[in-house]
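Student: What follows is work.json; its format and atoms are JSON, C-alpha atoms.
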```
[["chain", "number", "residue", "atom", "x", "y", "z"],
["A", 98, "LEU", "CA", 48.27, -14.73, -6.41],
["A", 99, "LEU", "CA", 47.64, -14.77, -10.18],
["A", 100, "ARG", "CA", 50.23, -17.54, -10.65],
["A", 101, "GLN", "CA", 48.66, -19.53, -7.80],
["A", 102, "MET", "CA", 45.20, -19.19, -9.34],
["A", 103, "VAL", "CA", 46.42, -20.37, -12.75],
["A", 104, "GLU", "CA", 48.34, -23.28, -11.22],
["A", 105, "TYR", "CA", 45.24, -24.27, -9.24],
["A", 106, "VAL", "CA", 43.24, -24.48, -12.49],
["A", 107, "ILE", "CA", 46.01, -26.52, -14.13],
["A", 108, "ASP", "CA", 46.17, -28.90, -11.15],
["A", 109, "THR", "CA", 42.41, -29.39, -10.75],
["A", 110, "ASP", "CA", 41.02, -29.30, -14.30],
["A", 111, "GLU", "CA", 41.42, -32.33, -16.58],
["A", 112, "THR", "CA", 41.91, -30.22, -19.69],
["A", 113, "PRO", "CA", 42.53, -26.62, -18.65],
["A", 114, "VAL", "CA", 41.59, -23.96, -21.15],
["A", 115, "PHE", "CA", 42.08, -20.27, -20.45],
["A", 116, "HIS", "CA", 40.01, -17.43, -21.91],
["A", 117, "VAL", "CA", 42.09, -14.30, -21.44],
["A", 118, "ASN", "CA", 41.39, -10.70, -22.34],
["A", 119, "LEU", "CA", 44.38, -9.59, -24.41],
["A", 120, "ASN", "CA", 44.43, -6.29, -22.48],
["A", 121, "ASP", "CA", 45.53, -8.31, -19.43],
["A", 122, "ILE", "CA", 49.24, -8.35, -20.35],
["A", 123, "GLY", "CA", 50.32, -9.96, -17.06],
["A", 124, "LEU", "CA", 47.96, -12.93, -17.41],
["A", 125, "CYS", "CA", 48.78, -13.35, -21.12],
["A", 126, "ASN", "CA", 52.51, -13.46, -20.35],
["A", 127, "LEU", "CA", 52.00, -15.96, -17.52],
["A", 128, "ILE", "CA", 49.88, -18.26, -19.68],
["A", 129, "LYS", "CA", 52.50, -18.12, -22.48],
["A", 130, "GLU", "CA", 55.30, -18.77, -19.95],
["A", 131, "LEU", "CA", 53.43, -21.94, -18.94],
["A", 132, "ARG", "CA", 53.56, -23.00, -22.62],
["A", 133, "TYR", "CA", 49.92, -22.46, -23.47],
["A", 134, "LYS", "CA", 49.28, -21.49, -27.08],
["A", 135, "LYS", "CA", 46.68, -19.08, -28.42],
["A", 136, "ARG", "CA", 44.04, -21.09, -30.30],
["A", 137, "ASP", "CA", 41.48, -18.50, -31.35],
["A", 138, "MET", "CA", 40.15, -15.04, -30.50],
["A", 139, "GLU", "CA", 36.78, -13.38, -30.11],
["A", 140, "GLY", "CA", 35.90, -9.73, -29.88],
["A", 141, "VAL", "CA", 34.56, -8.15, -26.72],
["A", 142, "LEU", "CA", 31.95, -5.56, -27.63],
["A", 143, "ALA", "CA", 30.79, -2.91, -25.18],
["A", 144, "ILE", "CA", 28.08, -0.28, -24.88],
["A", 145, "ASP", "CA", 28.00, 2.66, -22.50],
["A", 146, "LEU", "CA", 24.65, 2.71, -20.71],
["A", 147, "SER", "CA", 24.35, 6.45, -21.12],
["A", 148, "HIS", "CA", 23.57, 5.49, -24.75],
["A", 149, "ASP", "CA", 19.97, 6.10, -25.90],
["A", 150, "LEU", "CA", 18.23, 2.86, -24.95],
["A", 151, "SER", "CA", 14.83, 3.55, -26.46],
["A", 152, "TYR", "CA", 13.19, 0.93, -28.68],
["A", 153, "ARG", "CA", 9.90, 0.21, -30.41],
["A", 154, "LEU", "CA", 7.99, -3.02, -30.33],
["A", 155, "PRO", "CA", 5.90, -4.27, -33.24],
["A", 156, "ALA", "CA", 2.13, -4.29, -32.71],
["A", 157, "GLY", "CA", 0.92, -7.07, -30.42],
["A", 158, "PHE", "CA", 4.25, -7.61, -28.62],
["A", 159, "TYR", "CA", 5.04, -6.61, -25.04],
["A", 160, "ILE", "CA", 7.99, -6.94, -22.66],
["A", 161, "ASN", "CA", 7.64, -8.95, -19.44],
["A", 162, "GLU", "CA", 7.62, -7.11, -16.14],
["A", 163, "SER", "CA", 10.69, -7.87, -14.05],
["A", 164, "THR", "CA", 8.54, -9.19, -11.18],
["A", 165, "VAL", "CA", 6.53, -11.70, -13.24],
["A", 166, "LYS", "CA", 7.36, -15.40, -12.77],
["A", 167, "ILE", "CA", 9.11, -16.82, -15.84],
["A", 168, "ASP", "CA", 7.37, -19.63, -17.73],
["A", 169, "GLU", "CA", 10.21, -22.20, -17.86],
["A", 170, "TRP", "CA", 8.67, -24.09, -20.80],
["A", 171, "GLN", "CA", 8.37, -20.90, -22.84],
["A", 172, "TRP", "CA", 11.98, -20.05, -21.93],
["A", 173, "ARG", "CA", 13.13, -23.47, -23.17],
["A", 174, "LEU", "CA", 11.20, -23.00, -26.40],
["A", 175, "VAL", "CA", 12.64, -19.56, -27.18],
["A", 176, "ILE", "CA", 16.18, -20.76, -26.42],
["A", 177, "HIS", "CA", 15.70, -23.98, -28.40],
["A", 178, "ARG", "CA", 14.13, -22.35, -31.43],
["A", 179, "GLY", "CA", 16.12, -19.12, -31.14],
["A", 180, "PHE", "CA", 19.33, -21.09, -31.59],
["A", 181, "ASP", "CA", 17.89, -22.72, -34.73],
["A", 182, "ASN", "CA", 17.05, -26.15, -33.33],
["A", 183, "ASP", "CA", 14.19, -28.01, -35.01],
["A", 184, "GLY", "CA", 11.20, -29.59, -33.33],
["A", 185, "MET", "CA", 10.45, -29.39, -29.67],
["A", 186, "PRO", "CA", 13.01, -29.49, -26.85],
["A", 187, "GLN", "CA", 13.37, -33.01, -25.50],
["A", 188, "ALA", "CA", 15.04, -34.07, -22.27],
["A", 189, "LEU", "CA", 17.14, -31.31, -20.78],
["A", 190, "SER", "CA", 20.83, -31.45, -21.58],
["A", 191, "GLU", "CA", 23.18, -30.72, -18.68],
["A", 192, "GLU", "CA", 23.93, -27.33, -20.21],
["A", 193, "VAL", "CA", 20.26, -26.34, -20.51],
["A", 194, "ALA", "CA", 19.44, -27.68, -17.04],
["A", 195, "GLU", "CA", 22.28, -25.62, -15.58],
["A", 196, "ALA", "CA", 21.19, -22.53, -17.55],
["A", 197, "GLU", "CA", 17.60, -23.01, -16.36],
["A", 198, "LYS", "CA", 18.80, -22.69, -12.75],
["A", 199, "SER", "CA", 19.89, -19.14, -13.61],
["A", 200, "LEU", "CA", 16.25, -18.15, -14.00],
["A", 201, "LEU", "CA", 16.01, -18.16, -10.20],
["A", 202, "LYS", "CA", 19.03, -15.94, -9.61],
["A", 203, "ASN", "CA", 18.54, -12.27, -8.83],
["A", 204, "GLU", "CA", 21.75, -11.27, -10.64],
["A", 205, "TYR", "CA", 20.37, -12.74, -13.88],
["A", 206, "ILE", "CA", 18.14, -10.16, -15.57],
["A", 207, "LYS", "CA", 15.55, -11.89, -17.76],
["A", 208, "VAL", "CA", 13.76, -10.02, -20.52],
["A", 209, "PHE", "CA", 11.30, -11.49, -23.02],
["A", 210, "ALA", "CA", 9.35, -10.11, -25.96],
["A", 211, "ILE", "CA", 5.97, -11.85, -25.80],
["A", 212, "LYS", "CA", 3.00, -12.10, -28.14],
["A", 213, "ASP", "CA", -0.18, -14.01, -27.34],
["A", 214, "GLY", "CA", 1.48, -15.53, -24.29],
["A", 215, "GLU", "CA", 4.39, -17.00, -26.29],
["A", 216, "TYR", "CA", 8.01, -15.90, -25.87],
["A", 217, "ALA", "CA", 9.43, -14.67, -29.18],
["A", 218, "ALA", "CA", 12.78, -13.20, -28.06],
["A", 219, "HIS", "CA", 14.95, -13.32, -24.96],
["A", 220, "CYS", "CA", 17.92, -11.46, -23.53],
["A", 221, "GLY", "CA", 19.65, -12.67, -20.43],
["A", 222, "LEU", "CA", 22.01, -10.25, -18.75],
["A", 223, "TRP", "CA", 24.29, -10.95, -15.78],
["A", 224, "TYR", "CA", 24.89, -8.16, -13.32],
["A", 225, "HIS", "CA", 26.65, -8.81, -10.00],
["A", 226, "GLY", "CA", 27.24, -5.16, -9.08],
["A", 227, "GLY", "CA", 30.06, -2.87, -10.12],
["A", 228, "GLU", "CA", 30.22, -1.07, -13.44],
["A", 229, "THR", "CA", 29.85, -3.88, -16.00],
["A", 230, "ALA", "CA", 26.98, -6.17, -16.97],
["A", 231, "TYR", "CA", 27.41, -9.19, -19.26],
["A", 232, "ILE", "CA", 24.95, -10.03, -22.03],
["A", 233, "GLU", "CA", 24.32, -13.77, -22.48],
["A", 234, "PRO", "CA", 22.27, -15.21, -24.19],
["A", 235, "VAL", "CA", 20.20, -13.40, -26.82],
["A", 236, "ALA", "CA", 17.80, -15.40, -28.96],
["A", 237, "THR", "CA", 14.85, -14.69, -31.26],
["A", 238, "ILE", "CA", 12.70, -17.40, -32.83],
["A", 239, "PRO", "CA", 13.16, -17.53, -36.63],
["A", 240, "GLU", "CA", 9.72, -16.26, -37.68],
["A", 241, "CYS", "CA", 10.08, -13.17, -35.48],
["A", 242, "ARG", "CA", 13.51, -12.03, -36.61],
["A", 243, "ARG", "CA", 14.15, -8.68, -38.29],
["A", 244, "LYS", "CA", 11.31, -6.98, -36.40],
["A", 245, "GLY", "CA", 13.41, -5.22, -33.77],
["A", 246, "LEU", "CA", 12.67, -7.74, -31.00],
["A", 247, "GLY", "CA", 16.33, -8.58, -30.39],
["A", 248, "LYS", "CA", 17.18, -4.92, -29.95],
["A", 249, "ALA", "CA", 14.13, -4.41, -27.72],
["A", 250, "VAL", "CA", 15.00, -7.23, -25.30],
["A", 251, "VAL", "CA", 18.68, -6.23, -25.15],
["A", 252, "TYR", "CA", 17.88, -2.56, -24.56],
["A", 253, "GLU", "CA", 15.30, -3.39, -21.89],
["A", 254, "ALA", "CA", 17.82, -5.64, -20.13],
["A", 255, "LEU", "CA", 20.40, -2.84, -20.34],
["A", 256, "LYS", "CA", 17.92, -0.38, -18.81],
["A", 257, "ARG", "CA", 17.25, -2.77, -15.93],
["A", 258, "ALA", "CA", 20.99, -3.23, -15.33],
["A", 259, "LYS", "CA", 21.49, 0.56, -15.46],
["A", 260, "ASP", "CA", 18.75, 0.96, -12.83],
["A", 261, "ARG", "CA", 20.75, -1.40, -10.60],
["A", 262, "GLY", "CA", 23.95, 0.63, -11.07],
["A", 263, "ALA", "CA", 25.69, -0.72, -14.19],
["A", 264, "LYS", "CA", 27.56, 1.81, -16.33],
["A", 265, "ARG", "CA", 28.31, -0.40, -19.33],
["A", 266, "ALA", "CA", 27.60, -3.83, -20.74],
["A", 267, "ILE", "CA", 29.72, -6.25, -22.71],
["A", 268, "VAL", "CA", 29.22, -9.31, -24.88],
["A", 269, "ILE", "CA", 31.78, -11.72, -26.29],
["A", 270, "SER", "CA", 30.74, -11.77, -29.92],
["A", 271, "GLU", "CA", 31.39, -10.02, -33.18],
["A", 272, "GLN", "CA", 27.97, -10.62, -34.71],
["A", 273, "ASP", "CA", 26.71, -7.73, -36.83],
["A", 274, "PHE", "CA", 23.58, -7.59, -34.67],
["A", 275, "TYR", "CA", 25.53, -6.15, -31.73],
["A", 276, "TYR", "CA", 27.29, -3.55, -33.87],
["A", 277, "ASN", "CA", 23.92, -2.57, -35.36],
["A", 278, "ILE", "CA", 22.48, -1.83, -31.90],
["A", 279, "GLY", "CA", 25.35, 0.48, -30.96],
["A", 280, "MET", "CA", 28.00, -1.75, -29.44],
["A", 281, "GLU", "CA", 31.66, -1.16, -30.25],
["A", 282, "LYS", "CA", 34.72, -3.38, -30.03],
["A", 283, "SER", "CA", 36.59, -2.75, -26.79],
["A", 284, "SER", "CA", 39.06, -5.64, -26.68],
["A", 285, "GLU", "CA", 39.63, -9.27, -27.62],
["A", 286, "VAL", "CA", 39.58, -12.51, -25.68],
["A", 287, "ALA", "CA", 41.93, -15.32, -26.68],
["A", 288, "THR", "CA", 41.54, -19.00, -25.91],
["A", 289, "PHE", "CA", 44.78, -20.61, -24.73],
["A", 290, "VAL", "CA", 45.30, -24.38, -24.72],
["A", 291, "LYS", "CA", 48.25, -26.66, -23.93]]
```
For the structure just supplied, provide its representation as structure tokens.

Tutor:
Amino acid sequence: LLRQMVEYVIDTDETPVFHVNLNDIGLCNLIKELRYKKRDMEGVLAIDLSHDLSYRLPAGFYINESTVKIDEWQWRLVIHRGFDNDGMPQALSEEVAEAEKSLLKNEYIKVFAIKDGEYAAHCGLWYHGGETAYIEPVATIPECRRKGLGKAVVYEALKRAKDRGAKRAIVISEQDFYYNIGMEKSSEVATFVK
């Protein structure tokens, strides 16, 4: 079945690229057998949700309730500015439009740090059931960095995933931020190309 799945991707994708966890020896060997070469690697960091998930917010900030409707414009702003883009977001790119659809999905946990009605930090966390949740994306607007907001939104998202049954969470990144909030390297993901 694994071979059939890989061959399906090769047959149906114009430029197939595979992102493979290096712990998956069988898939790695199959990809290499098909003459794909490892291009680069990224760390997979994990945190056990029995970890202490307490955080403190600076004065004036609060975390959104999970039942509150998300302000899509504020979401766009925090993503746009949090990823160091200048000015105001213009027409939606395909990527942002697709990401915005996730705001409506129950399996996408949305947490914001808010002050005076404006979103300052965001953590999105995907949880489809099972043991593992996936953190993506995390963003804090430049003027609000280094205040603990990133940690607060991540930890709140982790708590909400834990309440739904998750036991751990992962992120594909090796940014110091994630190590500083208690995540540890669990494996690596390699990108394979023809």

Student: Choose the residue, out of A:Leu142, A:Ala249, A:Leu154, A:Cys220, that has the smallest atom-to-atom separation from A:Gln272; count only C-alpha atoms.

Tutor: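 Result for the nearest residue to A:Gln272: A:Leu142.
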
Student: Using all atoms listed in the file, can you tell me which of A:Val290, A:Met280, A:Ala210, A:Leu146 comes closest to A:Glu228?

Tutor: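 Of A:Val290, A:Met280, A:Ala210, A:Leu146, the one nearest A:Glu228, counting all atoms listed in the file, is A:Leu146.
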
Student: Ranking A:Tyr133, A:Tyr205, A:Tyr105, A:Tyr216 by minimum distance to A:Phe158 and counting all atoms listed in the file, which one comes first?

Tutor: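 Looking at the shortest contact to A:Phe158, the residue is A:Tyr216.
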
Student: Measuring atom to atom with only C-alpha atoms, identify which of A:Thr109, A:Asn118, A:Ser270, A:Thr237 is nearest to A:Val175.

Tutor: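 Of A:Thr109, A:Asn118, A:Ser270, A:Thr237, the one nearest A:Val175, counting only C-alpha atoms, is A:Thr237.
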
Student: What gap, in Å, lies between atom CA of A:Ala143 and atom CA of A:Arg242?

Tutor: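 Between atom CA of A:Ala143 and atom CA of A:Arg242 the gap works out to 22.6 Å.
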
Student: Rank nothing, just name the residue among A:Ala196, A:Ala217, A:Leu150, A:Ile176 nearest to A:Leu255, using all atoms listed in the file.

Tutor: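 Nearest candidate to A:Leu255 out of A:Ala196, A:Ala217, A:Leu150, A:Ile176: A:Leu150.
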
Student: Identify which of the residues A:Gln171, A:Gln187, A:Thr112, A:Ser151 lies closest to A:Val251, counting all atoms listed in the file when measuring atom-to-atom distances.

Tutor: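 Counting all atoms listed in the file, the residue closest to A:Val251 is A:Ser151.
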
Student: Excluding A:Lys256 and any residue of its chain fewer than 4 positions from it, enumerate the residues within 12 Å of it, using only C-alpha atoms, and give them as a PyMOL selection string.

Tutor: chain A and resi 144-152+163+206-208+222+224+230+249-252+260-266

Student: In Å, rounded to a single decimal, give me how far atom CA of A:Gly123 is from atom CA of A:Glu285.

Tutor: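 Result for atom CA of A:Glu285 versus atom CA of A:Gly123: 15.0 Å, one decimal.
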
Student: I'd like the interatomic distance between atom CA of A:Thr288 and atom CA of A:His116, to a tenth of an Å.

Tutor: 4.6 Å

Student: Taking 5 positions as the minimum chain separation for residues in the same chain, which residues sit within 12 Å of A:Glu271 when counting only C-alpha atoms? Answer as a list in words.

Tutor: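 Listing them by chain and then by number gives Met138, Glu139, Gly140, Val141, Leu142, Ala143, Tyr276, Asn277, Met280, Glu281, Lys282, Ser283, Ser284, Glu285 and Val286 of chain A.
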
Student: What would the file look like if the residues just selected were written as a tab-separated table (two decimals), keeping the file's coordinate frame with C-alpha atoms?

Tutor:
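Dumped everything to again_21.tsv:
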```
chain	number	residue	atom	x	y	z
A	138	MET	CA	40.15	-15.04	-30.50
A	139	GLU	CA	36.78	-13.38	-30.11
A	140	GLY	CA	35.90	-9.73	-29.88
A	141	VAL	CA	34.56	-8.15	-26.72
A	142	LEU	CA	31.95	-5.56	-27.63
A	143	ALA	CA	30.79	-2.91	-25.18
A	276	TYR	CA	27.29	-3.55	-33.87
A	277	ASN	CA	23.92	-2.57	-35.36
A	280	MET	CA	28.00	-1.75	-29.44
A	281	GLU	CA	31.66	-1.16	-30.25
A	282	LYS	CA	34.72	-3.38	-30.03
A	283	SER	CA	36.59	-2.75	-26.79
A	284	SER	CA	39.06	-5.64	-26.68
A	285	GLU	CA	39.63	-9.27	-27.62
A	286	VAL	CA	39.58	-12.51	-25.68
```

Student: Once 4 Å is added on each side, what centre and edge lengths in Å to one decimal does the axis-aligned box around all listed atoms of stretch 226-244 of chain A have, as JSON?

Tutor:
```
{"center_x": 20.0, "center_y": -9.3, "center_z": -23.7, "size_x": 28.5, "size_y": 24.5, "size_z": 37.2}
```

Student: Excluding A:Val193 and residues on its chain fewer than 2 positions from it, collect all residues at most 12 Å away from it, counting only C-alpha atoms, and give them as a ChimeraX atom specification.

Tutor: /A:169-170,172-174,176-177,186-191,195-200,234

Student: Using only C-alpha atoms, which protein or nucleic acid residues come within 9 Å of A:Gly157? Drop anything in the same chain fewer than 2 positions from it, and give the result as a VMD selection string.

Tutor: chain A and resid 154 to 155 159 211 to 213

Student: How would stretch 150-161 of chain A read, as a compact mmCIF listing (two decimals), in the coordinates of the input, once all heavy atoms are built in?

Tutor:
```txt
# COMPACT_ATOMS: atom_id res chain seq x y z
N LEU A 150 18.70 4.23 -25.02
CA LEU A 150 18.23 2.86 -24.95
C LEU A 150 16.75 2.74 -25.27
O LEU A 150 16.07 1.81 -24.82
CB LEU A 150 18.53 2.27 -23.57
CG LEU A 150 20.01 2.20 -23.18
CD1 LEU A 150 20.18 1.75 -21.73
CD2 LEU A 150 20.78 1.29 -24.13
N SER A 151 16.24 3.64 -26.09
CA SER A 151 14.83 3.55 -26.46
C SER A 151 14.66 2.54 -27.60
O SER A 151 15.56 2.31 -28.40
CB SER A 151 14.29 4.92 -26.86
OG SER A 151 15.02 5.44 -27.95
N TYR A 152 13.50 1.92 -27.65
CA TYR A 152 13.19 0.93 -28.68
C TYR A 152 11.70 0.95 -28.95
O TYR A 152 10.92 1.51 -28.17
CB TYR A 152 13.63 -0.48 -28.23
CG TYR A 152 12.98 -0.93 -26.94
CD1 TYR A 152 11.73 -1.57 -26.95
CD2 TYR A 152 13.58 -0.72 -25.71
CE1 TYR A 152 11.12 -1.97 -25.78
CE2 TYR A 152 12.99 -1.12 -24.53
CZ TYR A 152 11.76 -1.76 -24.57
OH TYR A 152 11.15 -2.15 -23.41
N ARG A 153 11.32 0.33 -30.06
CA ARG A 153 9.90 0.21 -30.41
C ARG A 153 9.59 -1.26 -30.62
O ARG A 153 10.37 -1.99 -31.21
CB ARG A 153 9.61 0.98 -31.69
CG ARG A 153 9.77 2.48 -31.51
CD ARG A 153 9.40 3.21 -32.75
NE ARG A 153 8.01 2.90 -33.07
CZ ARG A 153 7.36 3.40 -34.10
NH1 ARG A 153 7.96 4.22 -34.91
NH2 ARG A 153 6.11 3.07 -34.33
N LEU A 154 8.45 -1.65 -30.13
CA LEU A 154 7.99 -3.02 -30.33
C LEU A 154 6.95 -3.07 -31.45
O LEU A 154 6.13 -2.16 -31.55
CB LEU A 154 7.34 -3.57 -29.06
CG LEU A 154 8.27 -3.93 -27.92
CD1 LEU A 154 7.47 -4.22 -26.65
CD2 LEU A 154 9.11 -5.14 -28.28
N PRO A 155 6.96 -4.13 -32.25
CA PRO A 155 5.90 -4.27 -33.24
C PRO A 155 4.54 -4.46 -32.55
O PRO A 155 4.48 -4.90 -31.39
CB PRO A 155 6.28 -5.55 -34.00
CG PRO A 155 7.69 -5.85 -33.64
CD PRO A 155 7.95 -5.20 -32.32
N ALA A 156 3.48 -4.16 -33.25
CA ALA A 156 2.13 -4.29 -32.71
C ALA A 156 1.90 -5.70 -32.17
O ALA A 156 2.30 -6.69 -32.79
CB ALA A 156 1.09 -3.96 -33.77
N GLY A 157 1.27 -5.78 -31.01
CA GLY A 157 0.92 -7.07 -30.42
C GLY A 157 1.97 -7.65 -29.48
O GLY A 157 1.69 -8.60 -28.76
N PHE A 158 3.18 -7.10 -29.49
CA PHE A 158 4.25 -7.61 -28.62
C PHE A 158 4.35 -6.75 -27.36
O PHE A 158 4.07 -5.57 -27.40
CB PHE A 158 5.60 -7.59 -29.34
CG PHE A 158 5.74 -8.65 -30.39
CD1 PHE A 158 5.36 -8.39 -31.71
CD2 PHE A 158 6.24 -9.91 -30.08
CE1 PHE A 158 5.49 -9.36 -32.68
CE2 PHE A 158 6.37 -10.88 -31.06
CZ PHE A 158 6.00 -10.61 -32.36
N TYR A 159 4.77 -7.36 -26.27
CA TYR A 159 5.04 -6.61 -25.04
C TYR A 159 6.25 -7.23 -24.35
O TYR A 159 6.66 -8.36 -24.66
CB TYR A 159 3.82 -6.58 -24.11
CG TYR A 159 3.39 -7.94 -23.59
CD1 TYR A 159 3.85 -8.40 -22.35
CD2 TYR A 159 2.52 -8.76 -24.32
CE1 TYR A 159 3.46 -9.64 -21.87
CE2 TYR A 159 2.14 -9.99 -23.85
CZ TYR A 159 2.60 -10.42 -22.62
OH TYR A 159 2.22 -11.66 -22.14
N ILE A 160 6.83 -6.49 -23.43
CA ILE A 160 7.99 -6.94 -22.66
C ILE A 160 7.51 -7.37 -21.27
O ILE A 160 6.67 -6.70 -20.67
CB ILE A 160 9.03 -5.80 -22.52
CG1 ILE A 160 9.57 -5.39 -23.90
CG2 ILE A 160 10.15 -6.18 -21.56
CD1 ILE A 160 10.44 -6.41 -24.58
N ASN A 161 8.03 -8.48 -20.77
CA ASN A 161 7.64 -8.95 -19.44
C ASN A 161 8.06 -7.96 -18.35
O ASN A 161 9.07 -7.28 -18.47
CB ASN A 161 8.27 -10.33 -19.14
CG ASN A 161 9.80 -10.26 -19.04
OD1 ASN A 161 10.48 -9.93 -20.02
ND2 ASN A 161 10.34 -10.57 -17.88
```
